[in-house]
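Raw contents of work09.txt, compact mmCIF, C-alpha atoms:
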```
# COMPACT_ATOMS: atom_id res chain seq x y z
CA MET U 15 38.11 30.00 -6.94
CA ALA U 16 36.39 30.70 -3.64
CA GLY U 17 35.58 27.88 -1.26
CA LEU U 18 34.08 27.61 2.18
CA LEU U 19 35.66 29.27 5.18
CA PRO U 20 38.19 27.06 6.94
CA ALA U 21 37.22 26.01 10.44
CA ALA U 22 40.01 28.06 12.01
CA ALA U 23 38.83 31.23 10.32
CA ALA U 24 35.21 30.54 11.17
CA ALA U 25 36.12 30.18 14.82
CA ALA U 26 37.94 33.50 14.75
CA GLN U 27 35.00 35.62 13.63
CA PRO U 28 34.99 38.92 15.54
CA GLY U 29 32.08 39.43 17.93
CA ARG U 30 30.35 42.55 19.12
CA ASP U 31 33.48 44.05 20.64
CA GLY U 32 35.47 43.45 17.47
CA LEU U 33 32.79 45.03 15.30
CA ARG U 34 32.55 48.00 17.65
CA GLY U 35 36.30 48.49 17.46
CA ASP U 36 36.25 48.35 13.67
CA VAL U 37 33.41 50.88 13.52
CA ASP U 38 35.36 53.18 15.84
CA ALA U 39 38.38 52.83 13.54
CA ILE U 40 36.31 54.09 10.60
CA ARG U 41 35.04 56.99 12.70
CA ALA U 42 38.64 57.84 13.67
CA THR U 43 39.50 58.56 10.01
CA GLY U 44 37.18 61.57 10.10
CA ALA U 45 33.85 60.04 9.14
CA THR U 46 30.88 61.78 10.75
CA GLY U 47 28.76 58.67 11.25
CA VAL U 48 29.08 54.92 10.78
CA LEU U 49 26.61 52.04 11.03
CA ALA U 50 27.64 48.41 10.50
CA GLU U 51 25.82 45.10 10.79
CA VAL U 52 26.91 41.47 10.60
CA ARG U 53 24.33 38.73 9.98
CA THR U 54 24.62 34.96 10.04
CA SER U 55 22.21 32.05 9.97
CA THR U 56 22.04 32.21 13.76
CA GLY U 57 21.51 35.96 14.15
CA GLY U 58 23.75 38.98 14.12
CA HIS U 59 24.78 42.22 15.72
CA ALA U 60 25.35 45.86 14.84
CA ALA U 61 27.57 48.72 15.94
CA ARG U 62 27.58 52.46 15.35
CA ALA U 63 29.84 55.44 15.92
CA GLY U 64 29.79 59.18 15.42
CA VAL U 65 26.64 61.19 14.89
CA ALA U 66 23.76 61.32 12.45
CA ASP U 67 23.80 65.12 12.38
CA LEU U 68 26.59 67.51 13.29
CA ARG U 69 24.17 70.19 14.47
CA THR U 70 22.16 68.09 16.89
CA GLY U 71 24.72 65.44 17.79
CA ARG U 72 22.05 62.74 17.67
CA PRO U 73 23.39 59.19 17.20
CA VAL U 74 23.14 57.29 13.93
CA PRO U 75 19.78 55.45 13.99
CA TRP U 76 20.08 51.69 14.27
CA ASN U 77 17.54 51.23 11.45
CA SER U 78 18.94 54.03 9.29
CA TYR U 79 18.08 54.15 5.60
CA PHE U 80 20.90 54.97 3.18
CA ARG U 81 21.63 55.03 -0.52
CA ILE U 82 23.56 51.89 -1.41
CA GLY U 83 24.80 53.44 -4.68
CA SER U 84 26.44 50.97 -7.03
CA ASP U 85 25.51 48.03 -4.80
CA THR U 86 22.34 48.44 -6.89
CA LYS U 87 24.24 46.84 -9.78
CA THR U 88 24.18 43.47 -8.05
CA TYR U 89 20.37 43.61 -7.83
CA THR U 90 20.13 44.57 -11.52
CA SER U 91 22.44 41.73 -12.49
CA VAL U 92 20.38 39.23 -10.49
CA VAL U 93 17.27 40.21 -12.46
CA ALA U 94 19.12 39.87 -15.78
CA LEU U 95 20.47 36.47 -14.79
CA GLN U 96 17.04 35.28 -13.70
CA LEU U 97 15.81 36.21 -17.18
CA VAL U 98 18.72 34.20 -18.62
CA GLY U 99 17.68 31.21 -16.51
CA GLU U 100 14.11 31.57 -17.81
CA GLY U 101 15.33 31.53 -21.41
CA LYS U 102 14.11 35.06 -22.09
CA LEU U 103 17.58 36.57 -22.45
CA ARG U 104 21.01 35.29 -23.38
CA LEU U 105 24.32 36.58 -22.11
CA THR U 106 25.56 36.48 -25.71
CA ASP U 107 22.72 38.68 -26.96
CA THR U 108 24.00 41.97 -28.30
CA VAL U 109 22.88 45.36 -27.14
CA GLU U 110 21.82 46.02 -30.71
CA LYS U 111 19.36 43.10 -30.61
CA TRP U 112 17.40 44.62 -27.72
CA LEU U 113 18.15 48.32 -28.13
CA PRO U 114 18.66 48.89 -31.87
CA GLY U 115 20.49 52.09 -32.71
CA VAL U 116 21.04 53.13 -29.08
CA VAL U 117 24.78 52.39 -28.88
CA ARG U 118 26.06 54.13 -32.00
CA GLY U 119 28.33 57.00 -32.98
CA LYS U 120 31.96 57.96 -32.33
CA GLY U 121 32.97 54.34 -32.93
CA ASN U 122 30.58 52.92 -30.33
CA ASP U 123 28.93 49.79 -31.71
CA GLY U 124 26.10 47.92 -29.98
CA ARG U 125 26.57 45.04 -32.42
CA ARG U 126 29.90 44.25 -30.74
CA ILE U 127 28.72 44.53 -27.13
CA THR U 128 26.87 41.70 -25.39
CA VAL U 129 24.75 41.52 -22.24
CA LYS U 130 27.69 39.75 -20.60
CA ASN U 131 29.98 42.67 -21.47
CA LEU U 132 27.56 45.05 -19.79
CA LEU U 133 27.22 43.02 -16.60
CA ARG U 134 30.95 42.28 -16.39
CA GLN U 135 32.06 45.83 -17.23
CA THR U 136 34.02 44.74 -20.30
CA SER U 137 32.14 46.77 -22.92
CA GLY U 138 34.64 49.61 -23.31
CA LEU U 139 31.84 52.19 -23.11
CA ASN U 140 32.57 55.49 -21.41
CA ASP U 141 31.03 56.19 -18.01
CA TYR U 142 28.29 58.77 -18.43
CA VAL U 143 29.03 60.07 -14.91
CA ALA U 144 32.60 60.91 -15.89
CA VAL U 145 31.39 62.53 -19.12
CA GLN U 146 28.90 64.69 -17.24
CA LEU U 147 31.51 65.73 -14.64
CA GLY U 148 33.96 66.74 -17.36
CA ASP U 149 37.08 68.29 -15.87
CA GLY U 150 35.57 68.26 -12.36
CA SER U 151 35.13 72.01 -12.14
CA ASP U 152 31.42 71.52 -11.50
CA LEU U 153 32.09 69.38 -8.43
CA THR U 154 31.19 72.16 -6.01
CA PRO U 155 28.54 72.71 -3.32
CA GLU U 156 26.94 75.39 -5.49
CA LYS U 157 26.60 73.15 -8.55
CA PHE U 158 25.39 70.28 -6.40
CA LYS U 159 22.56 72.37 -4.96
CA GLU U 160 21.71 73.74 -8.39
CA ASN U 161 21.38 70.28 -9.94
CA ARG U 162 20.25 68.03 -7.12
CA PHE U 163 16.63 67.84 -8.33
CA ARG U 164 17.53 67.53 -12.01
CA VAL U 165 16.41 64.22 -13.51
CA SER U 166 18.20 62.63 -16.44
CA THR U 167 16.50 59.80 -18.31
CA PRO U 168 18.39 56.58 -19.03
CA GLN U 169 18.38 57.54 -22.69
CA GLN U 170 20.03 60.89 -21.89
CA LYS U 171 22.70 59.16 -19.81
CA VAL U 172 23.52 56.73 -22.61
CA ALA U 173 23.54 59.56 -25.14
CA ALA U 174 26.10 61.41 -23.01
CA ALA U 175 28.39 58.38 -23.09
CA MET U 176 27.99 58.14 -26.85
CA THR U 177 29.54 61.58 -27.31
CA ARG U 178 32.97 60.01 -26.73
CA PRO U 179 34.75 57.20 -28.59
CA PRO U 180 34.85 53.88 -26.74
CA LEU U 181 37.88 53.05 -24.65
CA TRP U 182 38.00 49.79 -26.61
CA VAL U 183 35.62 47.56 -28.55
CA PRO U 184 35.18 43.91 -27.49
CA ASP U 185 36.97 41.29 -29.55
CA MET U 186 34.93 40.65 -32.69
CA SER U 187 35.61 36.89 -32.68
CA ASN U 188 34.00 36.36 -29.25
CA PRO U 189 32.85 39.64 -27.70
CA ALA U 190 31.13 38.04 -24.70
CA GLU U 191 34.48 36.72 -23.43
CA GLU U 192 36.30 40.05 -23.59
CA THR U 193 38.50 40.42 -20.49
CA HIS U 194 39.60 44.06 -20.87
CA TRP U 195 37.84 45.67 -17.88
CA GLY U 196 36.74 49.22 -17.14
CA TYR U 197 34.08 50.44 -14.70
CA SER U 198 31.23 52.29 -16.39
CA ASN U 199 27.82 53.13 -14.99
CA THR U 200 26.59 53.28 -18.59
CA ASN U 201 26.75 49.48 -18.72
CA TYR U 202 24.11 49.11 -16.05
CA VAL U 203 21.88 51.84 -17.42
CA LEU U 204 21.80 49.78 -20.62
CA ALA U 205 21.20 46.59 -18.63
CA GLY U 206 18.17 48.23 -17.01
CA LEU U 207 16.83 49.28 -20.41
CA ILE U 208 17.26 45.72 -21.70
CA ILE U 209 15.41 44.32 -18.68
CA GLU U 210 12.55 46.70 -19.48
CA LYS U 211 12.56 45.65 -23.14
CA VAL U 212 12.56 41.93 -22.30
CA THR U 213 9.87 42.07 -19.61
CA GLY U 214 7.77 45.05 -20.65
CA HIS U 215 8.10 46.38 -17.09
CA PRO U 216 10.27 49.05 -15.47
CA TRP U 217 13.47 47.62 -13.99
CA GLU U 218 12.24 48.80 -10.56
CA GLN U 219 9.18 46.58 -10.84
CA GLU U 220 11.29 43.56 -11.74
CA VAL U 221 13.66 44.20 -8.80
CA HIS U 222 10.67 44.50 -6.48
CA ASP U 223 8.79 41.47 -7.76
CA ARG U 224 11.84 39.20 -8.06
CA ILE U 225 13.99 40.25 -5.09
CA ILE U 226 12.51 42.76 -2.64
CA GLU U 227 9.09 41.16 -2.14
CA PRO U 228 10.14 37.47 -2.14
CA LEU U 229 12.90 38.15 0.42
CA GLY U 230 10.66 40.37 2.57
CA LEU U 231 13.03 43.34 2.32
CA ARG U 232 10.56 45.81 3.79
CA HIS U 233 13.13 48.58 4.05
CA THR U 234 14.55 48.40 0.52
CA ILE U 235 13.10 50.78 -2.05
CA THR U 236 13.67 52.16 -5.52
CA PRO U 237 13.00 55.91 -5.16
CA GLY U 238 12.38 56.76 -8.81
CA THR U 239 12.85 60.49 -9.31
CA SER U 240 12.48 61.36 -5.61
CA ALA U 241 15.45 63.22 -4.12
CA TYR U 242 14.63 62.19 -0.57
CA VAL U 243 15.75 59.32 1.68
CA PRO U 244 13.13 57.92 4.10
CA GLN U 245 13.56 58.58 7.79
CA PRO U 246 15.25 57.65 10.01
CA SER U 247 18.51 58.40 8.25
CA ALA U 248 21.92 59.90 8.93
CA THR U 249 22.86 63.17 7.24
CA ALA U 250 25.04 62.54 4.19
CA TYR U 251 28.02 64.89 4.23
CA THR U 252 30.37 65.66 1.33
CA ARG U 253 33.60 67.61 1.48
CA PHE U 254 33.96 68.96 -2.04
CA PRO U 255 37.48 69.31 -3.48
CA GLY U 256 39.22 72.47 -2.29
CA ARG U 257 36.67 73.15 0.44
CA ALA U 258 37.25 72.86 4.17
CA GLU U 259 33.60 72.58 5.19
CA LEU U 260 31.28 69.61 4.95
CA THR U 261 28.14 70.09 2.85
CA ASP U 262 24.84 68.36 3.62
CA THR U 263 24.19 66.34 0.44
CA SER U 264 21.33 64.23 1.78
CA VAL U 265 18.76 65.53 -0.71
CA SER U 266 19.55 64.60 -4.30
CA VAL U 267 18.15 62.58 -7.17
CA SER U 268 20.19 59.39 -7.48
CA GLY U 269 20.85 57.06 -10.41
CA GLY U 270 18.70 54.36 -11.92
CA SER U 271 19.46 50.69 -12.51
CA ASP U 272 23.12 51.57 -11.96
CA GLY U 273 22.76 53.05 -8.47
CA ALA U 274 19.34 54.12 -7.19
CA ILE U 275 18.39 51.66 -4.46
CA ILE U 276 17.91 52.78 -0.85
CA SER U 277 18.15 50.15 1.87
CA THR U 278 19.29 49.39 5.41
CA THR U 279 22.21 47.37 6.70
CA ARG U 280 19.79 44.65 7.86
CA ASP U 281 18.09 44.34 4.46
CA HIS U 282 21.30 44.51 2.47
CA THR U 283 22.94 41.72 4.44
CA ALA U 284 19.77 39.67 3.98
CA PHE U 285 20.03 40.18 0.21
CA LEU U 286 23.69 39.15 0.09
CA ARG U 287 23.09 36.06 2.20
CA ALA U 288 20.17 35.03 -0.02
CA LEU U 289 22.17 35.59 -3.20
CA LEU U 290 25.32 33.71 -2.16
CA GLY U 291 23.18 31.08 -0.43
CA GLY U 292 21.50 30.18 -3.72
CA ARG U 293 18.02 31.53 -3.02
CA LEU U 294 17.86 34.02 -5.90
CA LEU U 295 19.62 32.29 -8.77
CA ALA U 296 19.78 28.75 -10.09
CA PRO U 297 23.21 27.12 -9.67
CA ALA U 298 24.09 27.68 -13.33
CA GLN U 299 23.35 31.42 -13.18
CA LEU U 300 25.10 31.89 -9.82
CA ALA U 301 28.14 30.18 -11.33
CA GLN U 302 27.95 32.58 -14.30
CA MET U 303 27.78 35.51 -11.91
CA LYS U 304 30.99 34.28 -10.25
CA GLN U 305 32.97 33.98 -13.50
CA THR U 306 35.40 36.84 -13.00
CA VAL U 307 38.07 38.84 -14.80
CA PRO U 308 40.99 40.67 -13.17
CA VAL U 309 40.50 44.28 -12.12
CA ASP U 310 43.02 47.07 -11.65
CA ASP U 311 42.65 50.45 -9.92
CA TRP U 312 39.06 50.08 -8.75
CA ILE U 313 39.22 49.79 -4.97
CA LEU U 314 42.00 49.88 -2.37
CA ALA U 315 42.60 46.12 -2.40
CA ASP U 316 44.83 43.74 -4.32
CA GLY U 317 43.76 40.75 -6.38
CA VAL U 318 40.23 41.99 -7.07
CA ARG U 319 38.22 40.20 -9.74
CA TYR U 320 34.86 41.25 -11.20
CA GLY U 321 32.06 38.92 -12.25
CA LEU U 322 28.55 39.79 -13.37
CA GLY U 323 27.65 42.58 -10.96
CA LEU U 324 29.50 40.81 -8.16
CA ALA U 325 33.21 41.11 -7.34
CA TRP U 326 35.64 39.00 -5.34
CA ARG U 327 38.79 39.80 -3.41
CA PRO U 328 41.26 37.58 -1.58
CA VAL U 329 41.69 37.96 2.15
CA LYS U 330 44.77 36.65 3.94
CA GLY U 331 43.98 33.53 5.94
CA CYS U 332 40.53 33.19 4.37
CA ALA U 333 40.27 30.53 1.65
CA GLY U 334 36.88 31.75 0.49
CA GLY U 335 37.76 35.44 0.24
CA VAL U 336 34.96 38.01 0.14
CA TRP U 337 32.24 38.47 -2.48
CA PHE U 338 31.15 42.10 -2.66
CA HIS U 339 30.40 45.17 -4.74
CA GLY U 340 30.18 48.51 -2.94
CA GLY U 341 28.67 51.86 -3.75
CA THR U 342 29.29 55.59 -3.47
CA PHE U 343 26.97 58.56 -3.73
CA PHE U 344 27.13 62.15 -2.53
CA GLY U 345 27.78 61.89 1.20
CA ILE U 346 27.44 58.14 1.58
CA ILE U 347 29.66 55.09 1.14
CA SER U 348 28.15 51.60 1.11
CA GLU U 349 30.63 48.81 1.80
CA SER U 350 29.54 45.20 2.17
CA GLY U 351 30.51 41.61 1.56
CA ALA U 352 29.60 37.99 2.10
CA SER U 353 31.17 34.57 2.38
CA ALA U 354 31.10 32.25 -0.63
CA ASP U 355 28.28 30.20 0.87
CA GLY U 356 26.26 33.20 2.10
CA ARG U 357 26.43 32.13 5.72
CA ARG U 358 28.00 35.41 6.79
CA ALA U 359 27.44 38.91 5.44
CA ALA U 360 28.34 42.40 6.56
CA SER U 361 27.10 45.83 5.54
CA VAL U 362 28.59 49.21 6.42
CA ALA U 363 27.10 52.66 5.81
CA VAL U 364 29.49 55.59 6.23
CA SER U 365 27.83 58.98 5.92
CA THR U 366 30.85 60.98 4.75
CA PHE U 367 32.42 61.32 1.29
CA ARG U 368 35.59 63.34 0.72
CA PRO U 369 36.74 62.93 -2.89
CA GLY U 370 40.40 63.78 -3.36
CA ASP U 371 41.03 63.90 0.40
CA PRO U 372 43.66 61.52 1.86
CA GLY U 373 41.24 60.91 4.70
CA GLN U 374 38.91 59.22 2.23
CA ASP U 375 41.48 56.53 1.47
CA ALA U 376 41.97 55.87 5.18
CA GLN U 377 38.20 55.68 5.64
CA ASP U 378 37.80 53.26 2.73
CA ARG U 379 40.61 51.02 3.94
CA ALA U 380 39.07 50.87 7.40
CA SER U 381 35.68 49.97 5.91
CA LEU U 382 37.18 47.18 3.79
CA ARG U 383 39.02 45.89 6.85
CA LEU U 384 35.76 45.75 8.82
CA VAL U 385 34.08 43.69 6.11
CA ASP U 386 37.08 41.36 5.78
CA ARG U 387 37.15 40.72 9.52
CA ALA U 388 33.39 40.29 9.77
CA VAL U 389 33.19 37.81 6.90
CA CYS U 390 36.53 36.02 7.33
CA GLY U 391 37.80 36.79 10.79
CA ALA U 392 40.84 38.37 9.12
CA GLY U 393 43.15 40.75 10.97
```
Take the structure in the file and write it out as C-alpha cells.
Amino acid sequence: MAGLLPAAAAAAQPGRDGLRGDVDAIRATGATGVLAEVRTSTGGHAARAGVADLRTGRPVPWNSYFRIGSDTKTYTSVVALQLVGEGKLRLTDTVEKWLPGVVRGKGNDGRRITVKNLLRQTSGLNDYVAVQLGDGSDLTPEKFKENRFRVSTPQQKVAAAMTRPPLWVPDMSNPAEETHWGYSNTNYVLAGLIIEKVTGHPWEQEVHDRIIEPLGLRHTITPGTSAYVPQPSATAYTRFPGRAELTDTSVSVSGGSDGAIISTTRDHTAFLRALLGGRLLAPAQLAQMKQTVPVDDWILADGVRYGLGLAWRPVKGCAGGVWFHGGTFFGIISESGASADGRRAASVAVSTFRPGDPGQDAQDRASLRLVDRAVCGAG
C-alpha cells in the first residue's frame, strides 16, 4: 500500500525555515508551547515556538521531555510482535489462553478475542478511559487535582471495561481477521498483561530490554506509578470544558502499556526510523504490523487505516503516505510520523490540550500538516 517517496517529493522536503513556519502555525492556534524535530539518515533539525511556562515566559527546552501518550502503543506492539517472531506468542492466540477468566461478563468473551484483535483495535471491548470518565462531569480541574496521584492497576482498568457489554464481538469463524474497528485503551492494557504472562517480566522491562536499550534511547523512560516528568520539560496546560483558564496538568500518574512512556522528540524520531527501517522487527512481523483496516472518526484526516499499533494515512502528492500513531494526555499532544522506509521521521510535542474547544481542532490539523510536510514535503 505504501511505497517509497517519489523523487519529486523527496526533493521538496521542507528545511529549517519550513519547519519553523509550521511550528509557528501550531502556536498561532492558541497552543502555549510547541517543539518539533525532523530526523533523517543525514541529520536533522528542530524548531520551537511559544513558551514552556506562562508565568516565567521561558522558552520550550530543546531537549524537553514529554508524555507521548498513546504513541506508547506502538512500542507495546513491537514487543508483542517480537515475541511472535520468536515463536512464543501467536497473533491468533486468544486472550482467554493467556489471561483465563479476565475478559468475561456482560457479554464480553476472551475466547472470541485474539492478540491480533487487541493490537489492531478490532476487539469490540469498551475503552476503560471512557467508562471511568462517564458522562464527563468529572472532567474538571478540581477532580483532576483530586485524582492525579491515584494509581489504577491494569486489572482494575480491565475490570472497569468489563462493566459494560462489548460494542461487538469478533466474528466467530475467524476472529483474528475482524475488520470492525474501534479505539480502546483496554486492548493495550490486555496486551501488556499478555506480554508479562509470556515473558514473566513487566512490560516495562521488555520495552527497555528490547527497544530502549538496544536503540540507545537514553531519554525514553517508563515512569511506573510516578506522577512526575523529568526536567527539562514544558508545562502541560489543559483547558477543561466550560472553563476559560488554563490549568497546569503537568503532574499526574499516566497510563501503562497503553500510554505511559515519556520521551523526547529526538528519541521518538529515532524509534520510528528504526522501526520503519527494519531494525526492530523481522520483515514478516513488520509486514504484519502494516496490515491495516479502515478507520473512521479517529483523527482529523481522511483515508486513515490502522495496523498493529501503527496507523497509515494518505498524503496528497506522496505515494508512501505517512505511518504514525499519536498520543494525548492531560496538557500534552504527541504527533509524529515516518516515511515507509524509515528514512524520514518527525515528532511534535504540543503542550496544550483543550478538549471540546474549536481551537483544539485547529491545533491538531496544524500538527498533522507539519508531520505531512516534514515526512512527504506535502503542502
In Å and to one decimal, CA of Thr252 (chain U) is distant from CA of Val48 (chain U) by 14.4 Å
query = With all atoms listed in the file as the atoms that count, which of U:Ala388, U:Ala376, U:Val267, U:Leu181 lies nearest to Ala42 (chain U)?
reply =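 The shortest atom-to-atom distance to Ala42 (chain U) comes from U:Ala376.
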Can you measure CA of Gly270 (chain U) to CA of Leu95 (chain U) for me? One decimal in Å is fine.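 Distance reported for this atom pair: 18.2 Å.
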Select from region 355-378 of chain U every residue with an atom at most 12 Å from any atom of region 149-170 of chain U, then for each give the shortest pair of atoms and their distance in Å to one decimal, using all atoms listed in the file, rows by chain and rising number, as a tab-separated table.
```
residue	atom	partner	partner_atom	distance
U:Arg368	CA	U:Leu153	CA	11.5
U:Pro369	CA	U:Leu153	CA	9.7
U:Gly370	CA	U:Gly150	CA	11.2
```
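In this structure, CA of Ala380 (chain U) sits 9.5 Å away from CA of Asp38 (chain U).
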| Can you tell me, as a PyMOL selection string, what residues are no more than 7 Å from Leu49 (chain U) when counting all atoms listed in the file, ignoring any on the same chain fewer than 5 positions away? | chain U and resi 61-63+74+362-364
Supply region 164-181 of chain U as a CSV table (one decimal), in the coordinates of the input, with N, CA, C and O atoms built in where the input has gaps.
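Contents of result.csv, freshly written:
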```csv
chain,number,residue,atom,x,y,z
U,164,ARG,N,17.6,67.7,-10.6
U,164,ARG,CA,17.5,67.5,-12.0
U,164,ARG,C,17.5,66.0,-12.3
U,164,ARG,O,18.4,65.3,-11.9
U,165,VAL,N,16.6,65.6,-13.1
U,165,VAL,CA,16.4,64.2,-13.5
U,165,VAL,C,16.9,64.0,-14.9
U,165,VAL,O,16.5,64.7,-15.9
U,166,SER,N,17.8,63.0,-15.1
U,166,SER,CA,18.2,62.6,-16.4
U,166,SER,C,17.6,61.3,-16.7
U,166,SER,O,17.6,60.4,-15.9
U,167,THR,N,17.1,61.1,-17.9
U,167,THR,CA,16.5,59.8,-18.3
U,167,THR,C,17.6,58.8,-18.6
U,167,THR,O,18.8,59.2,-18.9
U,168,PRO,N,17.4,57.5,-18.6
U,168,PRO,CA,18.4,56.6,-19.0
U,168,PRO,C,18.9,56.9,-20.4
U,168,PRO,O,20.1,56.7,-20.7
U,169,GLN,N,18.0,57.2,-21.3
U,169,GLN,CA,18.4,57.5,-22.7
U,169,GLN,C,19.3,58.7,-22.7
U,169,GLN,O,20.3,58.7,-23.5
U,170,GLN,N,19.1,59.7,-21.9
U,170,GLN,CA,20.0,60.9,-21.9
U,170,GLN,C,21.4,60.5,-21.4
U,170,GLN,O,22.4,61.0,-21.8
U,171,LYS,N,21.4,59.6,-20.4
U,171,LYS,CA,22.7,59.2,-19.8
U,171,LYS,C,23.5,58.4,-20.9
U,171,LYS,O,24.7,58.6,-21.0
U,172,VAL,N,22.8,57.5,-21.6
U,172,VAL,CA,23.5,56.7,-22.6
U,172,VAL,C,24.0,57.7,-23.7
U,172,VAL,O,25.1,57.5,-24.2
U,173,ALA,N,23.2,58.6,-24.1
U,173,ALA,CA,23.5,59.6,-25.1
U,173,ALA,C,24.8,60.3,-24.7
U,173,ALA,O,25.6,60.6,-25.6
U,174,ALA,N,24.9,60.7,-23.5
U,174,ALA,CA,26.1,61.4,-23.0
U,174,ALA,C,27.3,60.6,-23.2
U,174,ALA,O,28.4,61.0,-23.7
U,175,ALA,N,27.2,59.3,-22.9
U,175,ALA,CA,28.4,58.4,-23.1
U,175,ALA,C,28.7,58.2,-24.6
U,175,ALA,O,29.9,58.0,-24.9
U,176,MET,N,27.8,58.3,-25.4
U,176,MET,CA,28.0,58.1,-26.8
U,176,MET,C,28.7,59.3,-27.5
U,176,MET,O,29.1,59.3,-28.7
U,177,THR,N,28.9,60.4,-26.7
U,177,THR,CA,29.5,61.6,-27.3
U,177,THR,C,31.1,61.4,-27.3
U,177,THR,O,31.8,62.3,-27.9
U,178,ARG,N,31.5,60.3,-26.7
U,178,ARG,CA,33.0,60.0,-26.7
U,178,ARG,C,33.2,58.6,-27.4
U,178,ARG,O,32.4,57.7,-27.2
U,179,PRO,N,34.4,58.5,-28.0
U,179,PRO,CA,34.8,57.2,-28.6
U,179,PRO,C,34.9,56.2,-27.5
U,179,PRO,O,35.3,56.5,-26.3
U,180,PRO,N,34.7,54.9,-27.8
U,180,PRO,CA,34.8,53.9,-26.7
U,180,PRO,C,36.3,53.8,-26.3
U,180,PRO,O,37.2,54.1,-27.1
U,181,LEU,N,36.5,53.3,-25.1
U,181,LEU,CA,37.9,53.0,-24.6
U,181,LEU,C,38.5,51.9,-25.4
U,181,LEU,O,39.7,51.8,-25.6
```
